[in-house]
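To be precise, the following lines are upload_33.tsv, and they hold TSV, C-alpha atoms.
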chain	number	residue	atom	x	y	z
A	1	GLU	CA	-6.64	8.94	-14.52
A	2	LEU	CA	-4.81	5.71	-13.87
A	3	LYS	CA	-6.94	2.69	-13.19
A	4	VAL	CA	-5.58	-0.48	-11.65
A	5	GLU	CA	-7.99	-3.36	-11.86
A	6	GLN	CA	-7.59	-6.69	-10.18
A	7	ASN	CA	-9.61	-9.78	-10.85
A	8	PRO	CA	-11.03	-11.67	-9.35
A	9	LEU	CA	-11.80	-9.60	-6.27
A	10	PHE	CA	-12.61	-12.70	-4.30
A	11	LEU	CA	-11.19	-16.16	-4.81
A	12	SER	CA	-12.09	-19.27	-2.90
A	13	MET	CA	-10.02	-22.27	-3.79
A	14	GLN	CA	-9.23	-25.72	-2.54
A	15	GLU	CA	-5.86	-26.66	-1.19
A	16	GLY	CA	-3.61	-28.12	-3.84
A	17	LYS	CA	-5.19	-26.23	-6.72
A	18	ASN	CA	-3.60	-23.66	-9.02
A	19	TYR	CA	-4.97	-20.26	-9.86
A	20	THR	CA	-3.98	-16.86	-11.26
A	21	ILE	CA	-4.79	-13.34	-10.11
A	22	TYR	CA	-4.72	-10.66	-12.79
A	23	CYS	CA	-3.75	-7.01	-12.51
A	24	ASN	CA	-4.51	-4.69	-15.40
A	25	TYR	CA	-3.55	-1.04	-15.51
A	26	SER	CA	-4.45	1.77	-17.84
A	27	THR	CA	-1.28	3.80	-18.34
A	28	THR	CA	2.32	3.23	-19.25
A	29	SER	CA	4.46	1.96	-16.43
A	30	ASP	CA	7.32	-0.46	-16.09
A	31	ARG	CA	7.25	-0.83	-12.33
A	32	LEU	CA	4.73	-2.99	-10.56
A	33	TYR	CA	4.61	-4.33	-7.03
A	34	TRP	CA	2.70	-7.10	-5.29
A	35	TYR	CA	1.82	-6.98	-1.61
A	36	ARG	CA	0.09	-9.28	0.81
A	37	GLN	CA	-2.13	-8.17	3.69
A	38	ASP	CA	-3.45	-10.44	6.43
A	39	PRO	CA	-6.66	-9.38	8.20
A	40	GLY	CA	-6.03	-6.50	10.55
A	41	LYS	CA	-2.36	-6.37	9.65
A	42	SER	CA	-0.03	-4.26	7.58
A	43	LEU	CA	1.13	-4.81	4.02
A	44	GLU	CA	4.02	-7.13	3.29
A	45	SER	CA	6.03	-6.82	0.11
A	46	LEU	CA	6.01	-9.90	-2.10
A	47	PHE	CA	7.49	-8.95	-5.46
A	48	VAL	CA	9.01	-6.01	-7.28
A	49	LEU	CA	8.77	-6.16	-11.08
A	50	LEU	CA	10.84	-3.51	-12.80
A	51	SER	CA	10.84	-4.34	-16.50
A	52	ASN	CA	8.86	-5.93	-19.27
A	53	GLY	CA	9.04	-9.68	-19.05
A	54	ALA	CA	10.15	-9.70	-15.43
A	55	VAL	CA	9.31	-12.88	-13.58
A	56	LYS	CA	9.81	-13.46	-9.88
A	57	GLN	CA	9.07	-16.57	-7.83
A	58	GLU	CA	8.92	-17.22	-4.13
A	59	GLY	CA	7.63	-20.52	-2.88
A	60	ARG	CA	4.20	-21.21	-4.33
A	61	LEU	CA	3.82	-17.71	-5.77
A	62	MET	CA	5.08	-16.46	-9.10
A	63	ALA	CA	4.59	-12.98	-10.50
A	64	SER	CA	5.14	-11.69	-14.01
A	65	LEU	CA	4.88	-8.40	-15.85
A	66	ASP	CA	3.93	-7.63	-19.45
A	67	THR	CA	4.24	-3.88	-19.87
A	68	LYS	CA	3.01	-3.93	-23.45
A	69	ALA	CA	-0.24	-5.57	-22.42
A	70	ARG	CA	-0.25	-3.53	-19.18
A	71	LEU	CA	-0.81	-6.76	-17.31
A	72	SER	CA	0.71	-8.51	-14.35
A	73	THR	CA	-0.20	-11.93	-13.06
A	74	LEU	CA	0.26	-13.59	-9.70
A	75	HIS	CA	0.16	-17.34	-10.08
A	76	ILE	CA	-0.51	-19.61	-7.16
A	77	THR	CA	0.70	-23.18	-7.38
A	78	ALA	CA	-0.71	-25.95	-5.18
A	79	ALA	CA	-2.37	-23.56	-2.77
A	80	VAL	CA	-2.10	-24.08	0.97
A	81	HIS	CA	-4.19	-22.57	3.75
A	82	ASP	CA	-1.38	-20.23	4.82
A	83	LEU	CA	-1.73	-18.34	1.55
A	84	SER	CA	-5.14	-17.04	2.62
A	85	ALA	CA	-4.84	-13.23	2.63
A	86	THR	CA	-5.63	-10.18	0.51
A	87	TYR	CA	-3.24	-9.58	-2.38
A	88	PHE	CA	-2.70	-6.14	-3.85
A	89	CYS	CA	-0.94	-5.04	-6.97
A	90	ALA	CA	0.38	-1.50	-7.16
A	91	VAL	CA	1.59	0.43	-10.19
A	92	ASP	CA	4.15	3.20	-10.13
A	93	ILE	CA	2.70	6.04	-12.19
A	94	GLN	CA	5.36	8.64	-11.62
A	95	TYR	CA	9.10	8.78	-11.53
A	96	GLY	CA	9.45	8.73	-7.78
A	97	ASN	CA	7.59	5.69	-6.64
A	98	LYS	CA	4.08	7.06	-6.50
A	99	LEU	CA	1.98	3.93	-6.28
A	100	VAL	CA	-1.64	3.40	-7.21
A	101	PHE	CA	-3.10	0.26	-5.66
A	102	GLY	CA	-5.64	-2.12	-7.01
A	103	ALA	CA	-8.70	-2.97	-4.96
A	104	GLY	CA	-7.16	-6.20	-3.75
A	105	THR	CA	-8.01	-9.87	-4.22
A	106	ILE	CA	-9.26	-11.71	-1.17
A	107	LEU	CA	-7.95	-15.26	-1.33
A	108	ARG	CA	-9.40	-18.02	0.82
A	109	VAL	CA	-7.83	-21.44	0.62
A	110	LYS	CA	-10.04	-24.17	1.97
A	111	SER	CA	-8.64	-27.28	3.57
B	1	ASP	CA	16.17	-2.80	12.09
B	2	ALA	CA	12.80	-2.43	13.82
B	3	GLY	CA	11.00	-1.53	10.64
B	4	VAL	CA	8.66	1.42	10.22
B	5	ILE	CA	7.25	2.51	13.56
B	6	GLN	CA	3.90	4.22	13.93
B	7	SER	CA	2.12	5.64	16.93
B	8	PRO	CA	-0.43	5.50	18.28
B	9	ARG	CA	-1.66	2.11	17.06
B	10	HIS	CA	-5.24	2.98	17.89
B	11	GLU	CA	-6.91	6.35	18.33
B	12	VAL	CA	-10.50	7.12	19.25
B	13	THR	CA	-11.49	10.75	19.27
B	14	GLU	CA	-14.51	12.96	18.96
B	15	MET	CA	-15.44	15.02	15.97
B	16	GLY	CA	-13.70	18.37	15.97
B	17	GLN	CA	-10.66	17.25	17.89
B	18	GLU	CA	-7.12	17.43	16.57
B	19	VAL	CA	-5.43	14.14	15.77
B	20	THR	CA	-1.68	13.67	15.27
B	21	LEU	CA	-0.25	10.48	13.85
B	22	ARG	CA	3.45	9.77	14.06
B	23	CYS	CA	5.89	7.79	11.99
B	24	LYS	CA	9.52	6.79	12.22
B	25	PRO	CA	10.83	5.42	8.90
B	26	ILE	CA	13.51	2.80	8.48
B	27	SER	CA	16.89	4.37	9.01
B	28	GLY	CA	18.53	5.38	5.76
B	29	HIS	CA	15.37	5.38	3.70
B	30	ASP	CA	15.02	8.52	1.60
B	31	TYR	CA	11.31	8.22	0.83
B	32	LEU	CA	8.40	8.37	3.24
B	33	PHE	CA	4.75	7.87	2.33
B	34	TRP	CA	1.43	8.33	4.11
B	35	TYR	CA	-1.53	6.19	3.02
B	36	ARG	CA	-5.11	5.84	4.11
B	37	GLN	CA	-7.05	2.58	3.84
B	38	THR	CA	-10.84	2.32	3.95
B	39	MET	CA	-13.27	-0.30	2.76
B	40	MET	CA	-14.90	2.13	0.35
B	41	ARG	CA	-11.83	3.72	-1.22
B	42	GLY	CA	-9.12	1.11	-0.67
B	43	LEU	CA	-5.52	2.25	-0.26
B	44	GLU	CA	-4.89	5.86	-1.17
B	45	LEU	CA	-1.61	7.74	-1.20
B	46	LEU	CA	-1.99	10.98	0.74
B	47	ILE	CA	1.46	12.51	0.51
B	48	TYR	CA	5.08	11.51	0.09
B	49	PHE	CA	8.43	12.98	0.99
B	50	ASN	CA	11.88	12.64	-0.51
B	51	ASN	CA	14.77	13.60	1.76
B	52	ASN	CA	12.29	15.30	4.13
B	53	VAL	CA	10.81	17.46	1.36
B	54	PRO	CA	7.13	17.00	0.40
B	55	ILE	CA	7.02	15.97	-3.25
B	56	ASP	CA	3.38	15.28	-3.94
B	57	ASP	CA	0.46	16.10	-1.65
B	58	SER	CA	-2.25	15.81	-4.27
B	59	GLY	CA	-3.85	12.98	-2.34
B	60	MET	CA	-4.42	15.02	0.80
B	61	PRO	CA	-8.22	15.21	1.06
B	62	GLU	CA	-8.54	18.81	2.16
B	63	ASP	CA	-6.97	21.55	4.19
B	64	ARG	CA	-7.83	19.80	7.43
B	65	PHE	CA	-4.97	17.43	6.68
B	66	SER	CA	-1.33	18.44	6.99
B	67	ALA	CA	1.94	16.50	7.09
B	68	LYS	CA	5.44	17.40	8.11
B	69	MET	CA	8.82	15.75	8.13
B	70	PRO	CA	11.14	17.86	10.26
B	71	ASN	CA	14.01	15.38	10.01
B	72	ALA	CA	14.93	12.08	8.41
B	73	SER	CA	13.64	10.00	11.28
B	74	PHE	CA	10.25	11.51	12.03
B	75	SER	CA	7.06	12.52	10.30
B	76	THR	CA	3.60	13.55	11.44
B	77	LEU	CA	0.19	13.56	9.84
B	78	LYS	CA	-2.25	15.92	11.49
B	79	ILE	CA	-5.99	16.19	11.07
B	80	GLN	CA	-7.60	19.32	12.45
B	81	PRO	CA	-10.53	19.32	12.95
B	82	SER	CA	-11.29	15.63	12.63
B	83	GLU	CA	-14.56	14.34	11.16
B	84	PRO	CA	-16.23	10.91	11.28
B	85	ARG	CA	-15.41	10.34	7.59
B	86	ASP	CA	-11.71	10.46	8.50
B	87	SER	CA	-12.09	7.13	10.27
B	88	ALA	CA	-9.67	4.74	8.57
B	89	VAL	CA	-6.38	2.95	8.96
B	90	TYR	CA	-3.46	5.25	8.25
B	91	PHE	CA	-0.24	3.64	7.11
B	92	CYS	CA	3.20	5.10	6.91
B	93	ALA	CA	5.72	3.50	4.57
B	94	SER	CA	9.33	4.12	3.62
B	95	SER	CA	11.65	3.07	0.83
B	96	LEU	CA	15.33	3.31	0.13
B	97	THR	CA	15.05	4.49	-3.46
B	98	TYR	CA	12.29	5.37	-5.86
B	99	TRP	CA	12.22	1.94	-7.47
B	100	GLU	CA	12.59	-0.31	-4.45
B	101	THR	CA	9.68	-1.67	-2.51
B	102	GLN	CA	7.94	0.33	0.16
B	103	TYR	CA	7.98	-1.06	3.69
B	104	PHE	CA	4.80	-0.42	5.58
B	105	GLY	CA	4.35	0.30	9.25
B	106	PRO	CA	1.71	-1.44	11.38
B	107	GLY	CA	-0.79	1.36	10.82
B	108	THR	CA	-2.87	3.59	13.07
B	109	ARG	CA	-6.55	2.73	13.37
B	110	LEU	CA	-8.43	5.99	13.74
B	111	LEU	CA	-12.04	6.20	14.80
B	112	VAL	CA	-13.68	9.61	14.90
B	113	LEU	CA	-17.00	9.62	16.74
Target encoding structure tokens, full file:
Amino acid sequence: ELKVEQNPLFLSMQEGKNYTIYCNYSTTSDRLYWYRQDPGKSLESLFVLLSNGAVKQEGRLMASLDTKARLSTLHITAAVHDLSATYFCAVDIQYGNKLVFGAGTILRVKS
Amino acid sequence: DAGVIQSPRHEVTEMGQEVTLRCKPISGHDYLFWYRQTMMRGLELLIYFNNNVPIDDSGMPEDRFSAKMPNASFSTLKIQPSEPRDSAVYFCASSLTYWETQYFGPGTRLLVL
């Protein structure tokens, strides 16, 4: 059974600081997705990583994928309060976009 | 495009009643997914369709749950009879291809008393 593990599950950080969220998965896959969810809201797509070594950046967020290590990272640079949300990684385990989600990382950026 | 549309946004019902959730995917998207989100179990894929055909329903909890997609612009998820443990947020999502990102609807918050 595929396991997708995120850590940390909760992250409280000061504005201006850098941090990384990790997503480990237990089976072979070369497609990984990052989503953001604000409290009480839906999921918003952040990044689609489709190959080993893929790196995507948008604003203060950068995501990467190492399929050999079965690891993806979401790096936050100089955090701001607006980044406070829950971040999910999701791994495609089947040809056909069947996603298994991690438990999510709750990020709180303190002013 | 208006994005994925779900209705109702909130539903409160009593145990034993039938519940029908509705979803309109983004026009042109070939894939449609139904998810359930709870605090205890997180986000779980229930079923997904490709070109209106159910491909994988292994996530459907039990026979009380059924889903249909009669055409490319409409899908339903039905729970009959509903139970308190079905209380959750149900999301519908759609994607253009199997490798592109899934776009999520606003969700339906279901409370079964």
>> With all atoms listed in the file as the counted atoms, please give the residues lying no more than 12 Å from B:Asn52, apart from itself and same-chain residues fewer than 4 positions off, as a PyMOL selection string.
In response: chain B and resi 25+28-33+47-48+67-76+94
Counting only C-alpha atoms, what are the residues of chain B within 7 Å of chain A, and for each of them which pair of atoms is the nearest and at what distance in Å, to one decimal? Sort the table by chain and rising number, as CSV.
residue,atom,partner,partner_atom,distance
B:Gly42,CA,A:Ala103,CA,5.9
B:Leu43,CA,A:Phe101,CA,6.2
B:Tyr98,CA,A:Asn97,CA,4.8
B:Trp99,CA,A:Asn97,CA,6.0
B:Thr101,CA,A:Val48,CA,6.5
B:Phe104,CA,A:Leu43,CA,5.9
B:Gly105,CA,A:Ser42,CA,6.5
B:Pro106,CA,A:Ser42,CA,5.0
B:Gly107,CA,A:Ser42,CA,6.5
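Distances to A:Gln14 were evaluated for A:Thr28, A:Gln37, A:Ser64, A:Ser111 using all atoms listed in the file, and the minimum falls at A:Ser111.
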> Got a sec: who's within 10 Å of B:Arg85, counting all atoms listed in the file, leaving out chain neighbours fewer than 3 positions off, as an NGL selection string?
Replying inline: :B and (15 or 38 or 82 or 88 or 111-113)
> By how many Å are atom CA of A:Ala79 and atom CA of A:Thr20 apart?
Replying inline: 10.9 Å
>> Counting all atoms listed in the file, I want the residues whose atoms come within 7 Å of (4.2, -13.6, -8.0) in the file frame, returned as a VMD selection string.
In response: chain A and resid 47 56 to 57 61 to 64 73 to 75
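If you count only C-alpha atoms and ignore residues fewer than 6 places along the chain from B:Glu44, what sits within 7 Å of it is Tyr35, Arg36 and Gln37 of chain B.
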>> Using Å and a single decimal, report how far atom CA of A:Ser84 sits from atom CA of B:Leu46.
In response: 28.3 Å
>> Please list as number ranges by chain every residue within 8 Å of B:Phe65, counting only C-alpha atoms and excluding residues in the same chain fewer than 5 positions away.
In response: B: 60, 77-80
>> Just checking: using all atoms listed in the file, which residue out of A:Tyr87, A:Ala69, A:Gly53, A:Pro8 ends up closest to A:Tyr25?
In response: A:Ala69
Let me have the centre and edge lengths of the axis-aligned box enclosing all listed atoms of stretch 66-80 of chain A with 5 Å padding on every side, in Å to one decimal, as lines of an AutoDock Vina configuration file.
center_x = 0.9
center_y = -14.7
center_z = -11.2
size_x = 16.6
size_y = 32.4
size_z = 34.4
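Counting all atoms listed in the file and comparing B:Thr13, B:Asn51, B:Thr108, B:Ser66, the residue that lies closest to B:Val89 is B:Thr108.
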Need the shell around A:Ala85: protein/DNA/RNA residues with any atom at most 9 Å away, counting all atoms listed in the file. Skip same-chain ones fewer than 4 positions apart. Format as a CSV table (one decimal) with C-alpha atoms, keeping the file's coordinate frame?
chain,number,residue,atom,x,y,z
A,36,ARG,CA,0.1,-9.3,0.8
A,37,GLN,CA,-2.1,-8.2,3.7
A,38,ASP,CA,-3.4,-10.4,6.4
A,39,PRO,CA,-6.7,-9.4,8.2
A,105,THR,CA,-8.0,-9.9,-4.2
A,106,ILE,CA,-9.3,-11.7,-1.2
A,107,LEU,CA,-8.0,-15.3,-1.3
A,108,ARG,CA,-9.4,-18.0,0.8
A,109,VAL,CA,-7.8,-21.4,0.6
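One distance worth recording is that between atom CA of A:Ile93 and atom CA of A:Ser29, which is 6.1 Å.
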>> Given only C-alpha atoms as the basis, pick out the residue of A:Leu65, A:Leu71, A:Ile76, A:Ala54 nearest to A:Leu11.
In response: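 For A:Leu11, the nearest of the given residues is A:Ile76.
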> With all atoms listed in the file as the atoms that count, which of A:Thr77, A:Glu1, A:Asn52, A:Cys89 lies nearest to A:Met13?
Replying inline: A:Thr77
